[in-house]
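Student: Below are the structure tokens for one structure; questions will follow.
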Amino acid sequence: MSAPSNQAKFDELIHAPVRLRICASLAPLQWAEFAQLRDSLGVADSVLSKHLKQLTDAGYANVERFIKAGRSHVRVALTVEGRKAYVGHVAALRAMTETVG
């Protein structure tokens, strides 16, 4: 039986700073172009590619190549599983930081 999508669960893969920022950037979007994501994160192509590969290998992200106006483009999206993992990770971080009143 799979866990509910809102269950708090710390995810070490997502927790790495660049991957956490990738997930946070993609979460409110349907998809983002690679160049747009790279520029907003302020990282090199190779850094973004490395972290996206880890997210795609885990089934958390989808990378799609396409041609637009004769030029090659790459766009990235979180998968359903990736969104669930990200939401669960954020919930786990919130639970860790709550103070008992």
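Residue names in the structure tokens use chain letters A, B, ... in the order shown, residue numbers from 1 in each chain, and ligand numbers from 1 in the order shown.
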Using only C-alpha atoms, tabulate the residues of region 11-49 of chain A lying at most 12 Å from any atom of region 57-65 of chain A, each with its closest atom pair and that distance in Å to one decimal, by chain and increasing residue number, as CSV.

Tutor:
```
residue,atom,partner,partner_atom,distance
A:Asp11,CA,A:Ala58,CA,11.3
A:Glu12,CA,A:Ala58,CA,11.6
A:Leu13,CA,A:Ala58,CA,8.5
A:Ile14,CA,A:Tyr60,CA,9.1
A:Arg19,CA,A:Tyr60,CA,10.5
A:Leu20,CA,A:Tyr60,CA,11.7
A:Ile22,CA,A:Ala61,CA,9.8
A:Cys23,CA,A:Ala61,CA,8.7
A:Leu26,CA,A:Ala61,CA,9.3
A:Ala27,CA,A:Ala61,CA,10.6
A:Gln30,CA,A:Asn62,CA,11.0
A:Trp31,CA,A:Asn62,CA,9.1
A:Ala32,CA,A:Val63,CA,9.8
A:Glu33,CA,A:Glu64,CA,9.3
A:Phe34,CA,A:Val63,CA,8.8
A:Leu48,CA,A:Val63,CA,11.8
A:Ser49,CA,A:Val63,CA,10.0
```

Student: Quick one: residues within 12 Å of Ala92 (chain A), only C-alpha atoms counted, chain neighbours fewer than 5 positions away excluded, as a PyMOL selection string?

Tutor: chain A and resi 6-12+14-15+85-87+97-98

Student: Return the single residue from A:Met96, A:Val18, A:Val74, A:Val80 that is closest to Ala44 (chain A), with distances computed using only C-alpha atoms.

Tutor: A:Val18

Student: Looking only at the backbone, which of the residues in chain A does DSSP tag as strand (DSSP E), as a list in words?

Tutor: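 Filtering chain A to strand (DSSP E) leaves Ala32, Glu33, Ala61, Asn62, Val63, Glu64, Arg65, Phe66, Ile67, Lys68, Arg71, Ser72, His73, Val74, Arg75, Val76, Ala77 and Leu78 of chain A.
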
Student: Would you mind writing down, as a PyMOL selection string, each residue of chain A that DSSP on the backbone assigns to helix (DSSP H, G or I)?

Tutor: chain A and resi 12-15+17-26+34-41+45-57+80-97

Student: CA of Arg75 (chain A) and CA of Arg21 (chain A), how far apart in Å?

Tutor: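 Computed distance, CA of Arg21 (chain A) to CA of Arg75 (chain A), equals 16.3 Å.
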
Student: Using CA of Gly82 (chain A) and CA of Thr56 (chain A) as the two end points, give the distance in Å to one decimal.

Tutor: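 Pair CA of Gly82 (chain A) / CA of Thr56 (chain A) returns 9.1 Å.
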
Student: Would you mind telling me which residue in A:Val43, A:Pro17, A:Ala91, A:Ser25 lies nearest to Val76 (chain A) when using only C-alpha atoms?

Tutor: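 Residue with the minimum atom-to-atom distance to Val76 (chain A): A:Ser25.
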
Student: State, in Å with one decimal place, the distance from CA of Arg83 (chain A) to CA of Lys68 (chain A).

Tutor: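 Distance between the two atoms: 27.0 Å.
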
Student: Closest to Leu55 (chain A) among A:Leu78, A:Lys84, A:Leu29, A:Val90, using only C-alpha atoms?

Tutor: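 Between A:Leu78, A:Lys84, A:Leu29, A:Val90, the residue approaching Leu55 (chain A) most closely is A:Leu78.
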